[in-house]
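This is my_file-v1.cif (mmCIF, C-alpha atoms and all ligand atoms).
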data_my_file
loop_
_atom_site.group_PDB
_atom_site.id
_atom_site.type_symbol
_atom_site.label_atom_id
_atom_site.label_comp_id
_atom_site.auth_asym_id
_atom_site.auth_seq_id
_atom_site.Cartn_x
_atom_site.Cartn_y
_atom_site.Cartn_z
ATOM 1 C CA MET A 18 -47.881 195.965 113.361
ATOM 2 C CA LYS A 19 -44.942 198.282 112.987
ATOM 3 C CA ARG A 20 -46.003 200.208 116.017
ATOM 4 C CA PHE A 21 -46.141 197.064 118.125
ATOM 5 C CA LYS A 22 -42.828 195.707 116.862
ATOM 6 C CA SER A 23 -40.789 198.797 117.562
ATOM 7 C CA LEU A 24 -42.372 199.016 120.976
ATOM 8 C CA THR A 25 -41.516 195.413 121.738
ATOM 9 C CA ALA A 26 -37.931 196.041 120.760
ATOM 10 C CA VAL A 27 -37.639 199.015 123.083
ATOM 11 C CA VAL A 28 -39.176 197.239 126.014
ATOM 12 C CA LEU A 29 -37.240 194.042 125.404
ATOM 13 C CA ALA A 30 -34.052 196.062 125.461
ATOM 14 C CA GLY A 31 -35.182 197.418 128.802
ATOM 15 C CA PHE A 32 -35.960 193.971 130.194
ATOM 16 C CA PHE A 33 -32.628 192.582 129.046
ATOM 17 C CA ALA A 34 -30.859 195.480 130.708
ATOM 18 C CA VAL A 35 -32.715 194.690 133.926
ATOM 19 C CA SER A 36 -32.002 190.961 133.793
ATOM 20 C CA ALA A 37 -28.357 191.638 133.025
ATOM 21 C CA VAL A 38 -28.171 193.622 136.247
ATOM 22 C CA GLY A 39 -30.093 190.902 138.072
ATOM 23 C CA CYS A 40 -27.566 188.260 136.987
ATOM 24 C CA GLY A 41 -24.607 190.222 138.257
ATOM 25 C CA GLY A 42 -22.628 188.481 140.980
ATOM 26 C CA SER A 43 -23.431 184.912 139.894
ATOM 27 C CA SER A 44 -20.592 182.412 139.679
ATOM 28 C CA ALA A 45 -20.602 182.393 135.896
ATOM 29 C CA GLU A 46 -16.788 182.408 135.625
ATOM 30 C CA GLU A 47 -16.534 179.011 137.281
ATOM 31 C CA THR A 48 -18.936 177.372 134.854
ATOM 32 C CA THR A 49 -17.919 176.271 131.387
ATOM 33 C CA ASP A 50 -20.396 176.898 128.582
ATOM 34 C CA GLU A 51 -21.089 173.190 128.234
ATOM 35 C CA THR A 52 -22.017 172.791 131.872
ATOM 36 C CA ALA A 53 -24.253 175.814 131.604
ATOM 37 C CA VAL A 54 -26.156 174.231 128.721
ATOM 38 C CA GLU A 55 -26.589 170.969 130.640
ATOM 39 C CA GLU A 56 -27.798 172.823 133.708
ATOM 40 C CA ASP A 57 -30.308 174.730 131.602
ATOM 41 C CA ALA A 58 -31.602 171.478 130.145
ATOM 42 C CA ASP A 59 -32.004 170.013 133.646
ATOM 43 C CA THR A 60 -33.875 173.062 134.843
ATOM 44 C CA GLU A 61 -36.180 172.924 131.867
ATOM 45 C CA ALA A 62 -36.960 169.258 132.435
ATOM 46 C CA GLU A 63 -37.700 169.959 136.102
ATOM 47 C CA ALA A 64 -39.894 172.889 135.165
ATOM 48 C CA GLU A 65 -41.885 170.749 132.750
ATOM 49 C CA GLU A 66 -42.390 168.066 135.356
ATOM 50 C CA SER A 67 -43.670 170.503 137.942
ATOM 51 C CA ASP A 68 -45.844 172.228 135.330
ATOM 52 C CA GLU A 69 -47.747 169.022 134.861
ATOM 53 C CA THR A 70 -48.669 168.845 138.510
ATOM 54 C CA ALA A 71 -48.985 172.520 139.415
ATOM 55 C CA ALA A 72 -52.020 174.480 138.170
ATOM 56 C CA LEU A 73 -51.214 177.524 136.089
ATOM 57 C CA THR A 74 -53.982 179.623 137.656
ATOM 58 C CA GLY A 75 -55.830 179.909 140.967
ATOM 59 C CA THR A 76 -58.890 178.006 139.751
ATOM 60 C CA GLU A 77 -58.246 174.991 137.576
ATOM 61 C CA GLY A 78 -59.314 175.509 133.998
ATOM 62 C CA LEU A 79 -60.013 179.244 134.408
ATOM 63 C CA LEU A 80 -58.053 182.373 133.603
ATOM 64 C CA ILE A 81 -59.689 185.012 135.779
ATOM 65 C CA TRP A 82 -58.900 188.516 134.565
ATOM 66 C CA GLY A 83 -59.511 191.601 136.673
ATOM 67 C CA THR A 84 -60.554 194.729 134.845
ATOM 68 C CA ASN A 85 -62.563 197.947 135.030
ATOM 69 C CA ALA A 86 -65.130 197.676 132.253
ATOM 70 C CA ALA A 87 -65.689 201.399 131.722
ATOM 71 C CA PHE A 88 -62.693 201.925 129.476
ATOM 72 C CA GLU A 89 -63.928 201.652 125.898
ATOM 73 C CA PRO A 90 -62.417 200.450 123.552
ATOM 74 C CA TYR A 91 -60.297 198.238 125.843
ATOM 75 C CA GLU A 92 -63.118 196.965 128.077
ATOM 76 C CA TYR A 93 -66.714 198.050 128.300
ATOM 77 C CA MET A 94 -70.181 196.677 128.837
ATOM 78 C CA GLU A 95 -72.393 195.550 125.996
ATOM 79 C CA GLY A 96 -75.515 194.503 127.863
ATOM 80 C CA ASP A 97 -74.237 192.149 130.563
ATOM 81 C CA VAL A 98 -71.099 191.235 128.677
ATOM 82 C CA VAL A 99 -67.632 192.751 128.988
ATOM 83 C CA VAL A 100 -66.310 193.318 125.458
ATOM 84 C CA GLY A 101 -63.361 195.135 123.879
ATOM 85 C CA ILE A 102 -59.703 194.694 122.998
ATOM 86 C CA ASP A 103 -58.707 193.264 126.374
ATOM 87 C CA ALA A 104 -61.695 190.899 126.428
ATOM 88 C CA GLU A 105 -60.608 189.465 123.072
ATOM 89 C CA ILE A 106 -56.994 189.236 124.209
ATOM 90 C CA ALA A 107 -58.090 187.444 127.391
ATOM 91 C CA ASP A 108 -60.098 184.921 125.362
ATOM 92 C CA ALA A 109 -57.259 184.338 122.897
ATOM 93 C CA ILE A 110 -54.619 183.857 125.593
ATOM 94 C CA ALA A 111 -56.883 181.592 127.625
ATOM 95 C CA GLU A 112 -57.556 179.439 124.591
ATOM 96 C CA LYS A 113 -53.855 179.059 123.859
ATOM 97 C CA LEU A 114 -53.243 178.017 127.466
ATOM 98 C CA GLY A 115 -56.121 175.536 127.438
ATOM 99 C CA LEU A 116 -58.142 177.684 129.832
ATOM 100 C CA THR A 117 -61.431 179.600 129.804
ATOM 101 C CA ALA A 118 -61.337 183.346 130.429
ATOM 102 C CA GLN A 119 -63.619 184.676 133.153
ATOM 103 C CA VAL A 120 -63.864 188.385 133.918
ATOM 104 C CA GLU A 121 -64.040 190.117 137.320
ATOM 105 C CA ASN A 122 -65.199 193.715 136.945
ATOM 106 C CA MET A 123 -63.931 196.075 139.660
ATOM 107 C CA ASP A 124 -62.616 199.583 140.324
ATOM 108 C CA PHE A 125 -59.330 200.197 138.529
ATOM 109 C CA ASP A 126 -57.405 200.761 141.756
ATOM 110 C CA ALA A 127 -58.547 197.347 143.083
ATOM 111 C CA ILE A 128 -56.982 195.412 140.213
ATOM 112 C CA ILE A 129 -53.345 195.192 141.367
ATOM 113 C CA PRO A 130 -54.318 194.271 144.953
ATOM 114 C CA SER A 131 -56.582 191.555 143.481
ATOM 115 C CA VAL A 132 -53.668 190.177 141.479
ATOM 116 C CA THR A 133 -51.290 190.167 144.452
ATOM 117 C CA THR A 134 -53.826 188.467 146.739
ATOM 118 C CA GLY A 135 -54.819 185.897 144.114
ATOM 119 C CA LYS A 136 -58.446 187.039 143.798
ATOM 120 C CA VAL A 137 -57.773 187.214 140.051
ATOM 121 C CA ASP A 138 -55.030 185.582 137.988
ATOM 122 C CA ILE A 139 -54.177 188.610 135.895
ATOM 123 C CA GLY A 140 -54.878 192.313 135.587
ATOM 124 C CA LEU A 141 -55.851 193.135 131.997
ATOM 125 C CA ALA A 142 -57.195 196.659 131.896
ATOM 126 C CA GLY A 143 -55.336 198.945 129.536
ATOM 127 C CA MET A 144 -52.857 198.990 132.370
ATOM 128 C CA THR A 145 -49.677 200.969 131.970
ATOM 129 C CA VAL A 146 -46.376 199.490 133.046
ATOM 130 C CA ASN A 147 -44.799 201.742 135.652
ATOM 131 C CA GLU A 148 -42.190 201.453 138.363
ATOM 132 C CA GLU A 149 -44.571 201.598 141.282
ATOM 133 C CA ARG A 150 -46.671 198.734 139.911
ATOM 134 C CA LEU A 151 -43.535 196.716 139.099
ATOM 135 C CA ASN A 152 -42.817 196.704 142.836
ATOM 136 C CA ASN A 153 -45.975 194.647 143.341
ATOM 137 C CA VAL A 154 -46.548 192.608 140.168
ATOM 138 C CA ASN A 155 -44.788 191.378 137.059
ATOM 139 C CA PHE A 156 -45.871 192.628 133.661
ATOM 140 C CA SER A 157 -46.072 190.705 130.394
ATOM 141 C CA GLU A 158 -44.560 192.033 127.202
ATOM 142 C CA PRO A 159 -46.446 195.202 126.236
ATOM 143 C CA TYR A 160 -49.222 194.897 123.682
ATOM 144 C CA VAL A 161 -50.109 198.513 122.985
ATOM 145 C CA GLU A 162 -48.682 202.017 123.081
ATOM 146 C CA ALA A 163 -50.769 204.824 124.579
ATOM 147 C CA GLY A 164 -50.624 208.278 126.148
ATOM 148 C CA GLN A 165 -52.579 210.690 128.310
ATOM 149 C CA ALA A 166 -54.901 213.080 126.494
ATOM 150 C CA ILE A 167 -56.840 216.175 127.546
ATOM 151 C CA ILE A 168 -60.631 216.438 127.090
ATOM 152 C CA VAL A 169 -62.305 219.860 127.356
ATOM 153 C CA PRO A 170 -65.733 221.286 126.548
ATOM 154 C CA GLU A 171 -66.065 222.831 123.080
ATOM 155 C CA GLY A 172 -64.971 226.466 123.158
ATOM 156 C CA SER A 173 -62.860 226.000 126.301
ATOM 157 C CA ASP A 174 -59.971 228.435 126.866
ATOM 158 C CA ILE A 175 -57.791 225.393 127.570
ATOM 159 C CA THR A 176 -55.873 224.675 124.374
ATOM 160 C CA SER A 177 -52.687 223.035 125.725
ATOM 161 C CA VAL A 178 -51.256 221.434 128.848
ATOM 162 C CA ALA A 179 -49.963 224.830 130.029
ATOM 163 C CA ASP A 180 -53.554 226.063 130.294
ATOM 164 C CA LEU A 181 -54.388 223.408 132.897
ATOM 165 C CA GLU A 182 -52.743 225.607 135.511
ATOM 166 C CA GLY A 183 -55.258 226.828 138.062
ATOM 167 C CA LYS A 184 -58.024 224.606 136.668
ATOM 168 C CA ILE A 185 -60.143 221.859 138.198
ATOM 169 C CA ILE A 186 -59.074 218.630 136.533
ATOM 170 C CA GLY A 187 -60.870 215.290 136.522
ATOM 171 C CA VAL A 188 -59.028 211.972 136.389
ATOM 172 C CA GLN A 189 -59.747 208.303 136.951
ATOM 173 C CA ARG A 190 -58.623 207.363 140.450
ATOM 174 C CA GLY A 191 -55.331 205.485 140.716
ATOM 175 C CA THR A 192 -54.409 205.769 137.039
ATOM 176 C CA THR A 193 -51.334 207.151 135.364
ATOM 177 C CA GLY A 194 -53.462 210.178 134.422
ATOM 178 C CA ASP A 195 -54.138 210.738 138.121
ATOM 179 C CA GLU A 196 -50.418 210.401 138.809
ATOM 180 C CA TYR A 197 -49.479 212.796 136.015
ATOM 181 C CA VAL A 198 -51.819 215.530 137.170
ATOM 182 C CA SER A 199 -51.253 215.028 140.895
ATOM 183 C CA THR A 200 -47.549 214.474 141.491
ATOM 184 C CA GLU A 201 -45.246 217.353 142.174
ATOM 185 C CA GLU A 202 -42.791 216.443 139.436
ATOM 186 C CA ASN A 203 -45.287 216.320 136.609
ATOM 187 C CA GLY A 204 -47.897 218.403 138.361
ATOM 188 C CA VAL A 205 -49.720 220.682 135.965
ATOM 189 C CA GLY A 206 -50.483 223.284 138.637
ATOM 190 C CA ALA A 207 -54.141 222.324 138.923
ATOM 191 C CA ALA A 208 -56.295 224.263 141.376
ATOM 192 C CA SER A 209 -57.672 220.859 142.376
ATOM 193 C CA VAL A 210 -57.900 217.294 141.123
ATOM 194 C CA GLU A 211 -61.253 215.487 141.177
ATOM 195 C CA ARG A 212 -60.935 211.703 141.210
ATOM 196 C CA PHE A 213 -63.667 209.608 139.561
ATOM 197 C CA SER A 214 -64.248 205.836 139.378
ATOM 198 C CA ASN A 215 -64.087 205.989 135.591
ATOM 199 C CA GLY A 216 -63.794 208.239 132.558
ATOM 200 C CA PRO A 217 -67.518 208.391 131.664
ATOM 201 C CA ASP A 218 -68.323 209.636 135.206
ATOM 202 C CA ALA A 219 -65.684 212.335 134.797
ATOM 203 C CA ALA A 220 -67.229 213.262 131.428
ATOM 204 C CA GLN A 221 -70.646 213.773 133.082
ATOM 205 C CA SER A 222 -69.038 216.170 135.515
ATOM 206 C CA LEU A 223 -67.263 218.006 132.696
ATOM 207 C CA LEU A 224 -70.522 218.370 130.781
ATOM 208 C CA THR A 225 -72.230 219.953 133.794
ATOM 209 C CA GLY A 226 -69.335 222.391 134.281
ATOM 210 C CA LYS A 227 -68.181 221.065 137.654
ATOM 211 C CA ILE A 228 -64.676 220.463 136.324
ATOM 212 C CA ASP A 229 -62.683 222.208 133.575
ATOM 213 C CA ALA A 230 -60.864 219.332 131.881
ATOM 214 C CA ILE A 231 -60.189 215.594 132.052
ATOM 215 C CA VAL A 232 -56.814 213.887 131.698
ATOM 216 C CA LEU A 233 -57.324 210.314 130.495
ATOM 217 C CA ASP A 234 -55.799 207.693 128.166
ATOM 218 C CA ASP A 235 -55.990 208.650 124.490
ATOM 219 C CA GLU A 236 -58.213 205.968 122.952
ATOM 220 C CA PRO A 237 -60.786 205.953 125.790
ATOM 221 C CA SER A 238 -60.782 209.764 125.549
ATOM 222 C CA LYS A 239 -61.605 209.532 121.845
ATOM 223 C CA LYS A 240 -64.498 207.180 122.621
ATOM 224 C CA ILE A 241 -65.852 209.485 125.335
ATOM 225 C CA VAL A 242 -65.773 212.452 122.952
ATOM 226 C CA ALA A 243 -67.397 210.371 120.184
ATOM 227 C CA ASN A 244 -70.115 209.144 122.571
ATOM 228 C CA SER A 245 -71.085 212.589 123.890
ATOM 229 C CA THR A 246 -71.984 216.012 122.518
ATOM 230 C CA GLY A 247 -70.023 219.161 123.323
ATOM 231 C CA LEU A 248 -66.645 217.677 124.242
ATOM 232 C CA VAL A 249 -63.381 217.780 122.298
ATOM 233 C CA ILE A 250 -59.973 216.195 122.680
ATOM 234 C CA LEU A 251 -56.786 218.257 122.322
ATOM 235 C CA ASP A 252 -54.099 217.040 119.899
ATOM 236 C CA GLU A 253 -51.317 217.079 122.473
ATOM 237 C CA LEU A 254 -50.412 213.836 124.292
ATOM 238 C CA LEU A 255 -48.906 214.295 127.747
ATOM 239 C CA THR A 256 -47.168 210.942 128.178
ATOM 240 C CA SER A 257 -45.907 207.902 126.320
ATOM 241 C CA GLU A 258 -47.033 204.633 127.951
ATOM 242 C CA GLN A 259 -47.148 200.897 127.298
ATOM 243 C CA TYR A 260 -50.011 198.624 128.285
ATOM 244 C CA ALA A 261 -49.211 195.137 129.546
ATOM 245 C CA ILE A 262 -50.788 192.329 131.562
ATOM 246 C CA ALA A 263 -50.150 192.210 135.321
ATOM 247 C CA VAL A 264 -49.345 188.808 136.874
ATOM 248 C CA ALA A 265 -48.542 187.885 140.490
ATOM 249 C CA LYS A 266 -44.802 187.899 141.119
ATOM 250 C CA ASP A 267 -44.735 184.277 142.247
ATOM 251 C CA ASN A 268 -46.538 182.954 139.156
ATOM 252 C CA THR A 269 -43.758 183.065 136.595
ATOM 253 C CA ALA A 270 -45.156 179.988 134.817
ATOM 254 C CA LEU A 271 -48.312 181.944 133.976
ATOM 255 C CA LEU A 272 -46.240 184.979 132.980
ATOM 256 C CA ASP A 273 -44.199 182.802 130.592
ATOM 257 C CA GLY A 274 -47.368 181.259 129.173
ATOM 258 C CA ILE A 275 -48.917 184.671 128.591
ATOM 259 C CA ASN A 276 -45.782 185.985 126.910
ATOM 260 C CA ALA A 277 -45.634 182.936 124.644
ATOM 261 C CA ALA A 278 -49.308 183.395 123.749
ATOM 262 C CA LEU A 279 -48.804 187.113 123.039
ATOM 263 C CA ALA A 280 -45.773 186.367 120.867
ATOM 264 C CA GLU A 281 -47.828 183.824 118.926
ATOM 265 C CA MET A 282 -50.617 186.371 118.497
ATOM 266 C CA GLU A 283 -48.170 188.973 117.279
ATOM 267 C CA GLU A 284 -46.568 186.541 114.855
ATOM 268 C CA SER A 285 -49.872 185.364 113.388
ATOM 269 C CA GLY A 286 -51.290 188.876 113.078
ATOM 270 C CA GLU A 287 -54.153 188.033 115.464
ATOM 271 C CA LEU A 288 -53.148 190.764 117.896
ATOM 272 C CA GLN A 289 -53.029 193.420 115.203
ATOM 273 C CA GLU A 290 -56.422 192.281 113.925
ATOM 274 C CA ILE A 291 -57.943 192.765 117.362
ATOM 275 C CA LEU A 292 -56.353 196.217 117.717
ATOM 276 C CA ASP A 293 -57.445 197.295 114.228
ATOM 277 C CA LYS A 294 -60.996 196.177 114.874
ATOM 278 C CA TYR A 295 -61.354 198.626 117.768
ATOM 279 C CA LEU A 296 -58.770 201.354 117.216
ATOM 280 C CA ASN A 297 -58.838 202.387 113.580
ATOM 281 C CA SER A 298 -62.511 202.494 112.688
ATOM 282 C CA ASP A 299 -63.157 206.037 113.966
ATOM 283 C CA GLU A 300 -60.123 207.496 112.222
ATOM 284 C CA ASP A 301 -61.026 205.732 108.975
ATOM 285 C CA ALA A 302 -64.564 207.072 109.214
ATOM 286 C CA ALA A 303 -63.277 210.585 109.873
ATOM 287 C CA GLU A 304 -60.966 210.453 106.862
ATOM 288 C CA GLU A 305 -63.729 209.541 104.451
HETATM 289 N N1 LIG A 401 -53.493 203.310 131.495
HETATM 290 C C1 LIG A 401 -53.964 203.899 132.708
HETATM 291 C C2 LIG A 401 -53.270 203.255 133.869
HETATM 292 O O1 LIG A 401 -52.747 202.185 133.741
HETATM 293 C C3 LIG A 401 -55.466 203.811 132.864
HETATM 294 C C4 LIG A 401 -56.012 202.418 132.811
HETATM 295 C C5 LIG A 401 -57.510 202.336 133.072
HETATM 296 O O2 LIG A 401 -58.142 203.268 133.504
HETATM 297 N N2 LIG A 401 -58.090 201.206 132.823
HETATM 298 O O3 LIG A 401 -53.234 203.789 134.942
#
Let me see the structure of the file written as structure tokens.
Amino acid sequence: MKRFKSLTAVVLAGFFAVSAVGCGGSSAEETTDETAVEEDADTEAEAEESDETAALTGTEGLLIWGTNAAFEPYEYMEGDVVVGIDAEIADAIAEKLGLTAQVENMDFDAIIPSVTTGKVDIGLAGMTVNEERLNNVNFSEPYVEAGQAIIVPEGSDITSVADLEGKIIGVQRGTTGDEYVSTEENGVGAASVERFSNGPDAAQSLLTGKIDAIVLDDEPSKKIVANSTGLVILDELLTSEQYAIAVAKDNTALLDGINAALAEMEESGELQEILDKYLNSDEDAAEE
């Protein structure tokens, strides 16, 4: 809970800074406080009226969430069903909004385009908030803190980020891990970068010696290592990231609804319960 709270505070501070800039240049000086309050009340009443007529999502009654279900523990397949942290969050938010969650499984790099074109209502995929994505979508309040980790075969000579220089590195296409390894600023000096559809595919390649290391989000990395033999995760985290839910820029009513639902889930402890269910079990087991 602590982790989430401090994160929320940081990001909220960021959002307020942004909105303060956005409000610059309005005619605030000409308006008395009283008038401002009245105007706000009017706007709210109007918003409520239009909410009653306008559907919150593309398909009435449904909250369609786009994801890439090869990202355990956030989203993964159990038989035919997509389960995980994000699946439970999708269900909980949908319920609070009077909707039913329905998943669309796709490649990770198809999720934002699907949100912007309305193929799905939201992107919920362990997705990191970053500037490039903010150009195309809005993000909810963050719900988790994460970072990029390094996976190597047991006995590898790679023991830190510095050792990635000159190596063949696997990433998931279009992710922040891909960006970290590939861009000139952060570039780790890789000999080459191999892009895979998902982490487990990259792990197969690592196990057969085609690549030297994988850079991937921390919790999914832990799951990959736990689910295979002969791979280890290094202690060092390369980035500090926040996951949030992507919503089309023109659907601010849905964004508000999602943020209200998330706040409720944080307040009630429901969010933390979901996170604990999937995130802490391995560590607890290891400690025993
Ligand atoms: N957090 C990473 C990103 O947003 C990876 C997400 C994922 O692969 N599902 O790019």
Site check for ligand LIG 401 (chain A): residues at most 9 Å away, only C-alpha atoms and all ligand atoms, as a short mmCIF file (atom, residue, chain, number, x, y, z; two decimals) with C-alpha atoms, keeping the file's coordinate frame:
data_model
loop_
_atom_site.label_atom_id
_atom_site.label_comp_id
_atom_site.auth_asym_id
_atom_site.auth_seq_id
_atom_site.Cartn_x
_atom_site.Cartn_y
_atom_site.Cartn_z
CA THR A 84 -60.55 194.73 134.84
CA ASN A 85 -62.56 197.95 135.03
CA ALA A 86 -65.13 197.68 132.25
CA ALA A 87 -65.69 201.40 131.72
CA PHE A 88 -62.69 201.92 129.48
CA TYR A 91 -60.30 198.24 125.84
CA GLU A 92 -63.12 196.96 128.08
CA ASP A 124 -62.62 199.58 140.32
CA PHE A 125 -59.33 200.20 138.53
CA ASP A 126 -57.40 200.76 141.76
CA LEU A 141 -55.85 193.14 132.00
CA ALA A 142 -57.20 196.66 131.90
CA GLY A 143 -55.34 198.94 129.54
CA MET A 144 -52.86 198.99 132.37
CA THR A 145 -49.68 200.97 131.97
CA VAL A 146 -46.38 199.49 133.05
CA ASN A 147 -44.80 201.74 135.65
CA ALA A 163 -50.77 204.82 124.58
CA GLY A 164 -50.62 208.28 126.15
CA GLN A 165 -52.58 210.69 128.31
CA GLN A 189 -59.75 208.30 136.95
CA ARG A 190 -58.62 207.36 140.45
CA GLY A 191 -55.33 205.48 140.72
CA THR A 192 -54.41 205.77 137.04
CA THR A 193 -51.33 207.15 135.36
CA GLY A 194 -53.46 210.18 134.42
CA ASP A 195 -54.14 210.74 138.12
CA GLU A 196 -50.42 210.40 138.81
CA SER A 214 -64.25 205.84 139.38
CA ASN A 215 -64.09 205.99 135.59
CA GLY A 216 -63.79 208.24 132.56
CA LEU A 233 -57.32 210.31 130.50
CA ASP A 234 -55.80 207.69 128.17
CA PRO A 237 -60.79 205.95 125.79
CA GLU A 258 -47.03 204.63 127.95
CA GLN A 259 -47.15 200.90 127.30
CA TYR A 260 -50.01 198.62 128.28
CA ALA A 261 -49.21 195.14 129.55
#
Exercise for review: May I have the residues within 12 Å of Ala208 (chain A) as JSON, numbers by chain, using all atoms listed in the file and disregarding those fewer than 2 positions away in the same chain?
Suggested key: {"A": [180, 181, 182, 183, 184, 185, 186, 187, 198, 199, 204, 205, 206, 210, 211, 228, 229, 230]}
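The space between CA of Leu116 (chain A) and CA of Lys136 (chain A) spans 16.8 Å.
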**Study point:** Chain and number of each residue from the PyMOL selection byres (((chain A and resi 271-280) around 6) and not hetatm), as number ranges by chain
**Key:** A: 73, 110, 157, 268-270, 281-283
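Reported to one decimal place, the separation of CA of Asn153 (chain A) from CA of Lys266 (chain A) is 7.2 Å.
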Once the PyMOL selection byres (((chain A and resi 139) around 7) and not hetatm) has been applied to the shown file, what residues remain in the selection, as a PDB file with C-alpha atoms, in the coordinates of the input?
ATOM      1  CA  ILE A  81     -59.689 185.012 135.779  1.00  0.00           C
ATOM      2  CA  TRP A  82     -58.900 188.516 134.565  1.00  0.00           C
ATOM      3  CA  GLY A  83     -59.511 191.601 136.673  1.00  0.00           C
ATOM      4  CA  VAL A 132     -53.668 190.177 141.479  1.00  0.00           C
ATOM      5  CA  VAL A 137     -57.773 187.214 140.051  1.00  0.00           C
ATOM      6  CA  ASP A 138     -55.030 185.582 137.988  1.00  0.00           C
ATOM      7  CA  GLY A 140     -54.878 192.313 135.587  1.00  0.00           C
ATOM      8  CA  LEU A 141     -55.851 193.135 131.997  1.00  0.00           C
ATOM      9  CA  ILE A 262     -50.788 192.329 131.562  1.00  0.00           C
ATOM     10  CA  ALA A 263     -50.150 192.210 135.321  1.00  0.00           C
ATOM     11  CA  VAL A 264     -49.345 188.808 136.874  1.00  0.00           C
TER      12      VAL A 264
END
Practice item. Quick one: apply the PyMOL selection byres (((chain A and resi 244) around 12) and not hetatm) to the file and drop the selected residues here as a list in words. Key: Glu89, Pro90, Gly216, Pro217, Ala220, Gln221, Pro237, Ser238, Lys239, Lys240, Ile241, Val242, Ala243, Ser245, Thr246, Gly247, Leu248, Val249 and Asp299 of chain A
Dump of C-alpha atoms for the selected residues, as a PDB file, in the coordinates of the input:
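Written out: out06.pdb:
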ATOM      1  CA  GLU A  89     -63.928 201.652 125.898  1.00  0.00           C
ATOM      2  CA  PRO A  90     -62.417 200.450 123.552  1.00  0.00           C
ATOM      3  CA  GLY A 216     -63.794 208.239 132.558  1.00  0.00           C
ATOM      4  CA  PRO A 217     -67.518 208.391 131.664  1.00  0.00           C
ATOM      5  CA  ALA A 220     -67.229 213.262 131.428  1.00  0.00           C
ATOM      6  CA  GLN A 221     -70.646 213.773 133.082  1.00  0.00           C
ATOM      7  CA  PRO A 237     -60.786 205.953 125.790  1.00  0.00           C
ATOM      8  CA  SER A 238     -60.782 209.764 125.549  1.00  0.00           C
ATOM      9  CA  LYS A 239     -61.605 209.532 121.845  1.00  0.00           C
ATOM     10  CA  LYS A 240     -64.498 207.180 122.621  1.00  0.00           C
ATOM     11  CA  ILE A 241     -65.852 209.485 125.335  1.00  0.00           C
ATOM     12  CA  VAL A 242     -65.773 212.452 122.952  1.00  0.00           C
ATOM     13  CA  ALA A 243     -67.397 210.371 120.184  1.00  0.00           C
ATOM     14  CA  SER A 245     -71.085 212.589 123.890  1.00  0.00           C
ATOM     15  CA  THR A 246     -71.984 216.012 122.518  1.00  0.00           C
ATOM     16  CA  GLY A 247     -70.023 219.161 123.323  1.00  0.00           C
ATOM     17  CA  LEU A 248     -66.645 217.677 124.242  1.00  0.00           C
ATOM     18  CA  VAL A 249     -63.381 217.780 122.298  1.00  0.00           C
ATOM     19  CA  ASP A 299     -63.157 206.037 113.966  1.00  0.00           C
TER      20      ASP A 299
END
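As for CA of Ala109 (chain A) and CA of Glu95 (chain A), they are spaced 19.1 Å apart.
Distance annotation: of A:Glu112, A:Ala72, A:Ile129, A:Gly286, the residue with the minimal separation from Glu149 (chain A) is A:Ile129; atom set is only C-alpha atoms.
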As AutoDock Vina command-line options, please: the centre and edge lengths in Å, to one decimal, of an axis-aligned box enclosing every listed atom of region 142-151 of chain A with 5 Å added on each side.
--center_x -49.7 --center_y 199.2 --center_z 135.4 --size_x 25.0 --size_y 15.1 --size_z 21.7
